[in-house]
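Quick look at my_file.txt (compact mmCIF, C-alpha atoms):
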# COMPACT_ATOMS: atom_id res chain seq x y z
CA MET A 1 3.70 152.00 -4.48
CA SER A 2 1.35 149.13 -3.77
CA ARG A 3 1.34 147.32 -0.48
CA GLY A 4 3.31 144.08 -0.23
CA MET A 5 1.73 140.68 0.32
CA LEU A 6 2.02 138.45 3.35
CA ILE A 7 3.14 134.98 2.26
CA VAL A 8 2.81 132.22 4.84
CA VAL A 9 4.91 129.13 4.09
CA SER A 10 4.67 125.75 5.84
CA GLY A 11 5.92 122.27 5.09
CA PRO A 12 7.27 119.27 6.94
CA SER A 13 10.89 119.02 8.04
CA GLY A 14 12.96 117.66 5.14
CA CYS A 15 10.72 119.06 2.38
CA GLY A 16 13.42 121.53 1.32
CA LYS A 17 11.54 124.65 2.43
CA GLY A 18 14.68 126.43 3.65
CA THR A 19 16.63 125.88 0.41
CA ILE A 20 13.68 127.03 -1.71
CA LEU A 21 13.09 130.16 0.37
CA ALA A 22 16.80 131.04 0.29
CA GLU A 23 16.52 131.13 -3.52
CA VAL A 24 13.33 133.18 -3.50
CA LEU A 25 14.78 135.63 -0.96
CA LYS A 26 17.64 136.54 -3.32
CA ASP A 27 15.15 139.01 -4.79
CA ASP A 28 15.01 141.99 -2.44
CA LYS A 29 11.32 142.58 -3.01
CA PHE A 30 10.96 139.86 -0.35
CA PHE A 31 11.52 140.16 3.37
CA TYR A 32 11.90 137.17 5.68
CA SER A 33 9.99 137.70 8.92
CA ILE A 34 12.04 137.10 12.05
CA SER A 35 10.33 135.43 15.00
CA ALA A 36 10.21 136.77 18.53
CA THR A 37 10.99 134.64 21.57
CA THR A 38 11.37 134.92 25.33
CA ARG A 39 14.13 132.34 25.47
CA ALA A 40 17.66 133.60 26.13
CA PRO A 41 19.95 134.16 23.15
CA ARG A 42 22.45 131.35 22.57
CA PRO A 43 26.10 132.26 22.02
CA GLY A 44 26.43 133.99 18.66
CA GLU A 45 22.72 134.74 18.26
CA VAL A 46 21.97 138.38 17.50
CA ASP A 47 18.80 140.25 18.45
CA GLY A 48 16.86 141.21 15.30
CA VAL A 49 18.81 138.70 13.17
CA ASN A 50 18.15 135.23 14.61
CA TYR A 51 15.21 136.30 16.75
CA PHE A 52 13.77 139.33 18.41
CA PHE A 53 14.66 138.50 22.02
CA LEU A 54 12.00 139.82 24.39
CA THR A 55 11.38 139.60 28.12
CA LYS A 56 8.36 137.61 29.23
CA ASP A 57 6.72 140.84 30.47
CA LYS A 58 7.22 142.57 27.13
CA PHE A 59 5.91 139.53 25.22
CA GLU A 60 2.81 139.28 27.40
CA SER A 61 2.02 142.97 27.13
CA LEU A 62 2.35 142.67 23.32
CA ILE A 63 -0.10 139.76 23.40
CA LYS A 64 -2.56 141.94 25.34
CA GLU A 65 -2.34 144.89 22.96
CA ASP A 66 -2.77 142.63 19.87
CA GLY A 67 0.87 143.16 18.93
CA MET A 68 1.44 139.50 18.00
CA LEU A 69 0.15 138.06 14.72
CA GLU A 70 0.43 134.61 16.32
CA TYR A 71 2.27 133.07 19.23
CA ALA A 72 2.54 129.82 21.15
CA PRO A 73 4.23 128.72 24.35
CA TYR A 74 6.94 126.05 23.91
CA CYS A 75 9.18 124.65 26.68
CA GLU A 76 8.26 127.42 29.11
CA ASN A 77 9.01 130.14 26.58
CA TYR A 78 6.90 132.07 24.10
CA TYR A 79 7.56 132.08 20.38
CA GLY A 80 5.64 134.24 17.95
CA THR A 81 5.45 136.82 15.17
CA LEU A 82 5.48 140.53 15.92
CA ARG A 83 2.81 142.46 14.05
CA LYS A 84 4.75 145.73 13.74
CA PRO A 85 7.82 144.72 11.61
CA VAL A 86 5.57 142.69 9.30
CA GLU A 87 3.18 145.62 8.93
CA ASP A 88 6.05 148.08 8.31
CA MET A 89 7.55 145.96 5.53
CA LEU A 90 4.16 145.42 3.85
CA GLU A 91 3.63 149.19 3.90
CA LYS A 92 7.02 149.62 2.20
CA GLY A 93 5.76 147.34 -0.58
CA LYS A 94 7.85 144.30 0.40
CA HIS A 95 6.37 140.81 0.25
CA VAL A 96 6.84 139.37 3.73
CA ILE A 97 7.59 135.66 3.98
CA LEU A 98 6.54 133.96 7.18
CA GLU A 99 7.94 130.45 7.60
CA ILE A 100 5.79 128.85 10.25
CA GLU A 101 4.19 125.55 11.29
CA VAL A 102 0.58 124.69 10.56
CA GLN A 103 -1.01 125.79 13.86
CA GLY A 104 0.67 129.21 13.66
CA ALA A 105 -0.33 129.55 10.02
CA MET A 106 -3.98 128.93 10.86
CA LYS A 107 -3.85 131.67 13.50
CA ILE A 108 -2.48 134.04 10.85
CA LYS A 109 -5.36 133.04 8.60
CA ASP A 110 -7.81 134.33 11.19
CA LYS A 111 -6.00 137.65 11.62
CA CYS A 112 -4.85 138.22 8.01
CA PRO A 113 -7.31 136.51 5.68
CA GLU A 114 -5.72 138.35 2.72
CA ALA A 115 -2.40 136.53 3.26
CA ILE A 116 -1.31 133.83 0.79
CA PHE A 117 -0.96 130.35 2.28
CA LEU A 118 1.58 128.11 0.65
CA PHE A 119 2.44 124.53 1.57
CA ILE A 120 5.63 122.83 0.38
CA LEU A 121 5.53 119.04 0.07
CA PRO A 122 8.09 116.35 -0.64
CA PRO A 123 7.28 114.32 -3.79
CA SER A 124 6.29 111.37 -1.57
CA LEU A 125 6.70 110.10 1.99
CA LYS A 126 9.04 107.49 0.51
CA GLU A 127 11.30 110.22 -0.87
CA LEU A 128 11.11 112.13 2.43
CA ARG A 129 12.32 108.98 4.22
CA ARG A 130 15.18 108.71 1.75
CA ARG A 131 16.16 112.37 2.34
CA LEU A 132 16.02 112.05 6.12
CA ASN A 133 18.08 108.83 5.97
CA LYS A 134 20.61 110.53 3.70
CA ARG A 135 21.27 113.23 6.28
CA GLY A 136 22.51 110.38 8.45
CA THR A 137 22.10 112.44 11.61
CA GLU A 138 19.03 110.73 12.99
CA ALA A 139 18.33 107.32 14.48
CA GLU A 140 15.75 105.10 12.79
CA ASP A 141 13.10 105.70 15.46
CA VAL A 142 13.55 109.49 15.19
CA ILE A 143 13.09 109.21 11.41
CA GLU A 144 9.90 107.20 11.93
CA LYS A 145 8.62 109.89 14.29
CA ARG A 146 9.50 112.61 11.75
CA LEU A 147 7.69 110.72 9.00
CA ASN A 148 4.58 110.36 11.11
CA GLU A 149 4.66 114.06 11.93
CA ALA A 150 5.19 114.87 8.24
CA ALA A 151 2.18 112.78 7.21
CA GLY A 152 0.08 114.60 9.80
CA GLU A 153 1.26 117.99 8.56
CA ILE A 154 0.82 117.14 4.86
CA SER A 155 -2.79 116.14 5.54
CA GLN A 156 -3.28 119.79 6.63
CA ALA A 157 -2.08 121.06 3.23
CA TYR A 158 -5.75 121.16 2.20
CA LYS A 159 -6.19 124.23 4.39
CA TYR A 160 -3.68 126.21 2.32
CA ASP A 161 -4.18 128.13 -0.93
CA TYR A 162 -1.33 126.53 -2.86
CA ALA A 163 0.60 123.26 -2.70
CA VAL A 164 4.07 123.11 -4.26
CA ILE A 165 5.74 119.72 -4.57
CA ASN A 166 9.52 119.95 -4.24
CA GLY A 167 10.74 117.18 -6.53
CA ASP A 168 13.21 119.43 -8.32
CA LEU A 169 14.57 122.55 -6.57
CA ASP A 170 14.57 124.83 -9.64
CA ALA A 171 11.03 123.82 -10.60
CA ALA A 172 9.79 124.40 -7.05
CA VAL A 173 11.40 127.87 -6.95
CA GLU A 174 9.83 128.71 -10.33
CA ASP A 175 6.46 127.50 -9.05
CA ILE A 176 6.67 129.76 -6.03
CA LYS A 177 7.69 132.73 -8.17
CA ALA A 178 4.74 131.99 -10.49
CA ILE A 179 2.35 131.97 -7.53
CA ILE A 180 3.64 135.29 -6.26
CA ARG A 181 3.56 136.89 -9.71
CA ALA A 182 0.00 135.64 -10.24
CA GLU A 183 -1.04 137.06 -6.88
CA GLU A 184 0.48 140.42 -7.86
CA LEU A 185 -1.66 140.32 -11.00
CA ARG A 186 -4.89 139.66 -9.10
CA VAL A 187 -7.34 142.45 -9.77
CA LYS A 188 -7.81 143.03 -6.06
CA ASN A 189 -4.04 143.64 -5.78
CA SER A 190 -3.72 145.71 -8.97
CA LYS A 191 -6.67 148.11 -8.85
CA ASN A 192 -4.21 151.02 -8.92
CA ASN A 193 -2.76 149.76 -12.20
CA ILE A 194 -6.16 149.54 -13.86
CA ASP A 195 -6.98 153.07 -12.69
CA GLU A 196 -3.69 154.31 -14.17
CA VAL A 197 -4.44 152.76 -17.57
CA LEU A 198 -7.74 154.62 -17.64
CA GLU A 199 -6.34 157.90 -16.38
CA ASN A 200 -3.53 158.11 -18.90
CA ALA A 201 -5.81 158.95 -21.86
CA MET B 202 -5.19 112.94 -15.08
CA SER B 203 -6.66 116.06 -13.55
CA ARG B 204 -9.36 118.08 -15.23
CA GLY B 205 -8.33 121.10 -17.25
CA MET B 206 -9.22 124.67 -16.35
CA LEU B 207 -11.51 127.04 -18.19
CA ILE B 208 -9.70 130.31 -18.85
CA VAL B 209 -11.84 133.24 -19.98
CA VAL B 210 -9.89 136.05 -21.64
CA SER B 211 -11.19 139.53 -22.46
CA GLY B 212 -9.62 142.81 -23.39
CA PRO B 213 -10.30 145.76 -25.67
CA SER B 214 -9.51 145.71 -29.37
CA GLY B 215 -5.86 146.69 -29.86
CA CYS B 216 -4.65 145.38 -26.49
CA GLY B 217 -2.69 142.59 -28.19
CA LYS B 218 -4.87 139.74 -26.90
CA GLY B 219 -4.59 137.73 -30.12
CA THR B 220 -0.79 137.91 -30.29
CA ILE B 221 -0.44 136.94 -26.63
CA LEU B 222 -2.84 134.00 -26.92
CA ALA B 223 -1.10 132.76 -30.08
CA GLU B 224 2.09 132.48 -27.99
CA VAL B 225 0.37 130.75 -25.09
CA LEU B 226 -1.42 128.34 -27.44
CA LYS B 227 1.93 127.01 -28.75
CA ASP B 228 1.78 124.71 -25.72
CA ASP B 229 -0.62 121.90 -26.56
CA LYS B 230 -1.94 121.66 -23.03
CA PHE B 231 -4.16 124.55 -24.15
CA PHE B 232 -7.18 124.41 -26.41
CA TYR B 233 -8.73 127.45 -28.03
CA SER B 234 -12.52 127.31 -27.89
CA ILE B 235 -14.25 127.86 -31.23
CA SER B 236 -17.48 129.86 -31.25
CA ALA B 237 -20.74 128.70 -32.76
CA THR B 238 -22.84 130.91 -35.04
CA THR B 239 -25.98 130.79 -37.18
CA ARG B 240 -24.53 133.09 -39.82
CA ALA B 241 -23.56 131.52 -43.15
CA PRO B 242 -19.91 130.57 -43.67
CA ARG B 243 -17.97 133.08 -45.75
CA PRO B 244 -15.85 131.79 -48.64
CA GLY B 245 -12.91 129.83 -47.20
CA GLU B 246 -14.39 129.45 -43.71
CA VAL B 247 -14.44 125.87 -42.45
CA ASP B 248 -16.95 124.39 -40.01
CA GLY B 249 -15.20 123.47 -36.74
CA VAL B 250 -12.19 125.63 -37.57
CA ASN B 251 -13.40 129.21 -37.91
CA TYR B 252 -16.77 128.59 -36.29
CA PHE B 253 -19.20 125.80 -35.66
CA PHE B 254 -21.85 126.72 -38.22
CA LEU B 255 -25.33 125.82 -36.96
CA THR B 256 -28.85 126.31 -38.22
CA LYS B 257 -31.08 128.64 -36.25
CA ASP B 258 -33.27 125.68 -35.21
CA LYS B 259 -30.26 123.72 -33.93
CA PHE B 260 -28.92 126.76 -32.05
CA GLU B 261 -32.29 127.45 -30.43
CA SER B 262 -32.76 123.85 -29.36
CA LEU B 263 -29.25 123.91 -27.83
CA ILE B 264 -30.20 127.05 -25.90
CA LYS B 265 -33.29 125.24 -24.57
CA GLU B 266 -31.37 122.15 -23.44
CA ASP B 267 -28.65 124.27 -21.72
CA GLY B 268 -26.15 123.33 -24.41
CA MET B 269 -24.71 126.86 -24.68
CA LEU B 270 -22.33 128.25 -22.07
CA GLU B 271 -23.25 131.72 -23.28
CA TYR B 272 -24.79 133.23 -26.41
CA ALA B 273 -26.01 136.53 -27.77
CA PRO B 274 -27.90 137.63 -30.85
CA TYR B 275 -26.00 139.98 -33.17
CA CYS B 276 -27.19 141.30 -36.56
CA GLU B 277 -30.04 138.77 -36.76
CA ASN B 278 -27.73 135.85 -36.01
CA TYR B 279 -26.75 134.02 -32.85
CA TYR B 280 -23.18 133.75 -31.64
CA GLY B 281 -22.16 131.67 -28.64
CA THR B 282 -20.07 128.97 -26.98
CA LEU B 283 -21.09 125.32 -27.15
CA ARG B 284 -20.89 123.58 -23.81
CA LYS B 285 -20.00 120.11 -25.15
CA PRO B 286 -16.60 120.68 -26.86
CA VAL B 287 -15.44 122.80 -23.91
CA GLU B 288 -16.53 120.11 -21.46
CA ASP B 289 -14.86 117.34 -23.52
CA MET B 290 -11.51 119.14 -23.63
CA LEU B 291 -11.61 119.93 -19.88
CA GLU B 292 -12.26 116.23 -19.23
CA LYS B 293 -9.21 115.38 -21.34
CA GLY B 294 -7.15 117.61 -19.04
CA LYS B 295 -6.73 120.48 -21.51
CA HIS B 296 -6.96 124.07 -20.37
CA VAL B 297 -9.65 125.66 -22.53
CA ILE B 298 -9.14 129.29 -23.52
CA LEU B 299 -12.28 131.27 -24.26
CA GLU B 300 -11.65 134.64 -25.89
CA ILE B 301 -14.82 136.59 -25.39
CA GLU B 302 -16.18 140.08 -24.68
CA VAL B 303 -17.18 141.24 -21.24
CA GLN B 304 -20.92 140.49 -21.37
CA GLY B 305 -20.28 136.92 -22.53
CA ALA B 306 -17.60 136.48 -19.88
CA MET B 307 -20.00 137.50 -17.14
CA LYS B 308 -22.53 134.91 -18.36
CA ILE B 309 -19.77 132.26 -18.15
CA LYS B 310 -19.09 133.44 -14.61
CA ASP B 311 -22.66 132.53 -13.64
CA LYS B 312 -22.49 129.06 -15.22
CA CYS B 313 -18.84 128.20 -14.44
CA PRO B 314 -17.79 130.02 -11.28
CA GLU B 315 -14.63 127.86 -11.12
CA ALA B 316 -13.35 129.37 -14.40
CA ILE B 317 -10.41 131.82 -14.33
CA PHE B 318 -11.19 135.30 -15.56
CA LEU B 319 -8.36 137.19 -17.12
CA PHE B 320 -8.41 140.71 -18.53
CA ILE B 321 -5.69 142.03 -20.85
CA LEU B 322 -5.10 145.77 -20.84
CA PRO B 323 -3.01 148.16 -22.90
CA PRO B 324 -0.45 150.09 -20.80
CA SER B 325 -2.58 153.23 -21.18
CA LEU B 326 -5.39 154.64 -23.34
CA LYS B 327 -2.73 156.93 -24.81
CA GLU B 328 -0.71 153.92 -25.97
CA LEU B 329 -3.86 152.22 -27.29
CA ARG B 330 -4.56 155.33 -29.39
CA ARG B 331 -1.00 155.18 -30.72
CA ARG B 332 -1.41 151.50 -31.64
CA LEU B 333 -4.74 152.05 -33.37
CA ASN B 334 -3.33 155.03 -35.29
CA LYS B 335 -0.30 152.97 -36.32
CA ARG B 336 -2.51 150.37 -37.97
CA GLY B 337 -3.54 153.22 -40.27
CA THR B 338 -6.70 151.39 -41.31
CA GLU B 339 -9.21 153.45 -39.40
CA ALA B 340 -10.49 156.97 -39.70
CA GLU B 341 -10.05 159.35 -36.77
CA ASP B 342 -13.71 159.14 -35.70
CA VAL B 343 -13.60 155.31 -35.73
CA ILE B 344 -10.49 155.42 -33.51
CA GLU B 345 -12.28 157.76 -31.10
CA LYS B 346 -15.20 155.33 -30.96
CA ARG B 347 -12.81 152.42 -30.34
CA LEU B 348 -11.09 154.31 -27.54
CA ASN B 349 -14.39 155.10 -25.87
CA GLU B 350 -15.41 151.45 -26.10
CA ALA B 351 -12.01 150.40 -24.74
CA ALA B 352 -12.34 152.72 -21.73
CA GLY B 353 -15.78 151.26 -21.04
CA GLU B 354 -14.44 147.71 -21.27
CA ILE B 355 -11.36 148.40 -19.15
CA SER B 356 -13.56 149.79 -16.40
CA GLN B 357 -15.08 146.27 -16.26
CA ALA B 358 -11.68 144.69 -15.58
CA TYR B 359 -12.54 144.90 -11.87
CA LYS B 360 -14.95 142.02 -12.37
CA TYR B 361 -12.13 139.70 -13.44
CA ASP B 362 -9.71 137.64 -11.34
CA TYR B 363 -6.51 138.85 -12.98
CA ALA B 364 -5.42 141.93 -14.94
CA VAL B 365 -2.40 141.64 -17.23
CA ILE B 366 -1.00 144.84 -18.74
CA ASN B 367 0.46 144.27 -22.19
CA GLY B 368 3.31 146.74 -22.32
CA ASP B 369 5.85 144.17 -23.48
CA LEU B 370 4.67 141.04 -25.32
CA ASP B 371 7.13 138.60 -23.71
CA ALA B 372 6.39 139.91 -20.22
CA ALA B 373 2.64 139.64 -20.81
CA VAL B 374 2.99 136.04 -22.06
CA GLU B 375 5.12 135.18 -19.00
CA ASP B 376 2.51 136.79 -16.75
CA ILE B 377 -0.26 134.68 -18.26
CA LYS B 378 1.81 131.51 -17.94
CA ALA B 379 2.52 132.41 -14.28
CA ILE B 380 -1.20 132.84 -13.63
CA ILE B 381 -2.04 129.48 -15.18
CA ARG B 382 0.79 127.69 -13.35
CA ALA B 383 -0.32 129.26 -10.06
CA GLU B 384 -3.89 128.14 -10.68
CA GLU B 385 -2.64 124.60 -11.35
CA LEU B 386 -0.90 124.73 -7.96
CA ARG B 387 -4.03 125.81 -6.10
CA VAL B 388 -4.88 123.22 -3.49
CA LYS B 389 -8.42 122.94 -4.83
CA ASN B 390 -6.92 121.97 -8.22
CA SER B 391 -4.20 119.69 -6.84
CA LYS B 392 -5.94 117.58 -4.21
CA ASN B 393 -5.00 114.46 -6.18
CA ASN B 394 -1.31 115.38 -5.94
CA ILE B 395 -1.46 115.81 -2.17
CA ASP B 396 -3.23 112.46 -1.83
CA GLU B 397 -0.49 110.84 -3.93
CA VAL B 398 2.28 112.23 -1.71
CA LEU B 399 0.59 110.70 1.32
CA GLU B 400 -0.17 107.38 -0.36
CA ASN B 401 3.36 106.77 -1.60
CA ALA B 402 4.78 105.98 1.87
Rewrite the structure from the file as structure tokens, please.
Amino acid sequence: MSRGMLIVVSGPSGCGKGTILAEVLKDDKFFYSISATTRAPRPGEVDGVNYFFLTKDKFESLIKEDGMLEYAPYCENYYGTLRKPVEDMLEKGKHVILEIEVQGAMKIKDKCPEAIFLFILPPSLKELRRRLNKRGTEAEDVIEKRLNEAAGEISQAYKYDYAVINGDLDAAVEDIKAIIRAEELRVKNSKNNIDEVLENA
Amino acid sequence: MSRGMLIVVSGPSGCGKGTILAEVLKDDKFFYSISATTRAPRPGEVDGVNYFFLTKDKFESLIKEDGMLEYAPYCENYYGTLRKPVEDMLEKGKHVILEIEVQGAMKIKDKCPEAIFLFILPPSLKELRRRLNKRGTEAEDVIEKRLNEAAGEISQAYKYDYAVINGDLDAAVEDIKAIIRAEELRVKNSKNNIDEVLENA
């Protein structure tokens, strides 16, 4: 069995990333990477489901022994991606999806240059504003802040391999499946297949 | 409108390349590149349809002025790919498909490193033998020669970007469409789209 691929996905809040990934993840050749954190579990949160909950000591010793693919401190806690579960799933041939913000993604790029970097965009900032307004949960000034952040993030899309515009959910899901299929067909990922064709004479 | 992509397709005789490309070419965003030659047209052959028929002088002056993307002499005639019609179609936003053998493809790689290189393989040499036998048009020794050539060509697949195994026609066509869609979604090919998202605020 060939090794799975690491797929790093970013996109601004409101771009529909979660809905798209939920569709993609219906296929069990994918595995959604769970983050690790030092913050305490909230009621109902389960270790290994919502997060891997680690002590600060454990997290820091993992940092030292290169056990984190990326991490960042946030509000006096650490958040990050454990190397081991990602590595295990890749070995099992699963494609591991890492949903992560731009800074984290760029750290992954340094450690795993073979990963696939995918950015999901809204069709326009105008449409993003409409979607955020529609949620109706945020005040106008919060929406303005979100839009500014989104514009900043989208301008980083140039650092990714692929940009998928989520105008229509089904089309965006198909686009992501096409990208992953194409990557599977890359010669560097399918050398075994070529060898097999030649061997079966 | 964004510029089209140059898609170079190779694969051994009997791999089903022609049938697959005929399916892909049903979509008029693709354009099949017609070769140029100095050999005389055969009865029924039309200039600009089967080949661009050129005089030897014309062909040689095109070589001198870098008007050929690739060319090779064969049986006292030249065969090659004119740069101009390919360039014109790419400018019009069409994806240009160039069906060509390995040596020609590698010359294109030097001149157009941004092109996409795609190799189509039979599922196995065993299956290729079966397909060649089934045609019933060739003697046993010709089939052996074909199989040897095919093995030599397939071992060059490593030089391509993508390898598509044609076990099932529909699956192979879908694979090629996925590759082309993924390439369209590459950030380097969709910078305009990202700019548009940001501009439409």
Would you kindly return, as a VMD selection string, each protein, DNA or RNA residue with an atom no farther than 9 Å from any atom of stretch 38-41 of chain A, considering all atoms listed in the file and excluding same-chain residues fewer than 6 positions away?
chain A and resid 47 50 to 56 58 to 59 76 to 79
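You will find atom CA of A:Thr19 at 23.0 Å from atom CA of A:Glu144.
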I want to know what sits within 12 Å of B:Tyr272, based on all atoms listed in the file, with residues of the same chain fewer than 3 positions away left out; could you give that as a VMD selection string?
chain B and resid 236 to 239 260 to 261 263 to 265 267 to 269 275 278 to 284 301 to 302 304 to 309
Would you save the residues from that selection as a compact mmCIF listing (two decimals), in the coordinates of the input, using C-alpha atoms?
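So the final result, stored in selection.txt, reads:
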# COMPACT_ATOMS: atom_id res chain seq x y z
CA SER B 236 -17.48 129.86 -31.25
CA ALA B 237 -20.74 128.70 -32.76
CA THR B 238 -22.84 130.91 -35.04
CA THR B 239 -25.98 130.79 -37.18
CA PHE B 260 -28.92 126.76 -32.05
CA GLU B 261 -32.29 127.45 -30.43
CA LEU B 263 -29.25 123.91 -27.83
CA ILE B 264 -30.20 127.05 -25.90
CA LYS B 265 -33.29 125.24 -24.57
CA ASP B 267 -28.65 124.27 -21.72
CA GLY B 268 -26.15 123.33 -24.41
CA MET B 269 -24.71 126.86 -24.68
CA TYR B 275 -26.00 139.98 -33.17
CA ASN B 278 -27.73 135.85 -36.01
CA TYR B 279 -26.75 134.02 -32.85
CA TYR B 280 -23.18 133.75 -31.64
CA GLY B 281 -22.16 131.67 -28.64
CA THR B 282 -20.07 128.97 -26.98
CA LEU B 283 -21.09 125.32 -27.15
CA ARG B 284 -20.89 123.58 -23.81
CA ILE B 301 -14.82 136.59 -25.39
CA GLU B 302 -16.18 140.08 -24.68
CA GLN B 304 -20.92 140.49 -21.37
CA GLY B 305 -20.28 136.92 -22.53
CA ALA B 306 -17.60 136.48 -19.88
CA MET B 307 -20.00 137.50 -17.14
CA LYS B 308 -22.53 134.91 -18.36
CA ILE B 309 -19.77 132.26 -18.15
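Proximity ranking of A:Glu183, A:Val142, A:Leu69, A:Val86 relative to B:Tyr363 places A:Glu183 first, based on only C-alpha atoms.
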Do a neighbour search on A:Ile179 at 12 Å with all atoms listed in the file, toss out local chain neighbours closer than 3 positions, and write the hits as a VMD selection string.
(chain A and resid 5 7 24 116 to 119 161 to 164 172 to 176 182 to 186) or (chain B and resid 376 to 387)
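By only C-alpha atoms, and with residues fewer than 4 positions from A:Phe31 along its chain excluded, the set lying at most 7 Å from it is Lys94, His95, Val96 and Ile97 of chain A.
One finds atom CA of B:Tyr359 at 24.0 Å from atom CA of B:Leu333.
Residue nearest chain B within the list A:Lys111, A:Arg146, A:Lys188, A:Lys126: A:Lys126 [criterion: smallest interatomic distance, only C-alpha atoms].
Residues surrounding B:Leu399 within 12 Å are Leu121, Pro122, Pro123, Ser124, Leu125, Lys126, Glu127, Leu128, Leu147, Asn148, Glu149, Ala150, Ala151, Gly152, Glu153, Ile154, Ser155, Gln156, Ala157 and Ile165 of chain A; Lys392, Asn393, Asn394, Ile395, Asp396 and Ala402 of chain B [only C-alpha atoms; sequence separation below 3 positions excluded].
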Proximity to chain B - best of A:Ile34, A:Cys15, A:Arg42, A:Asp28, all atoms listed in the file:
A:Cys15
Length of the atom CA of B:Lys310 to atom CA of B:Glu271 vector [Å]:
9.8 Å
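Shortest separation to chain B among A:Ile120, A:Ala139, A:Ile20, A:Leu169 occurs at residue A:Ile120, atoms counted being only C-alpha atoms.
Between A:Pro85 and the candidates A:Pro113, A:Gly48, A:Pro73, A:Gly18, the tightest atom-to-atom separation, counting all atoms listed in the file, involves A:Gly48.
Of the listed residues A:Lys145, A:Lys159, A:Arg3, A:Lys26, the one whose atoms come nearest to chain B is A:Lys159, with distances taken using all atoms listed in the file.
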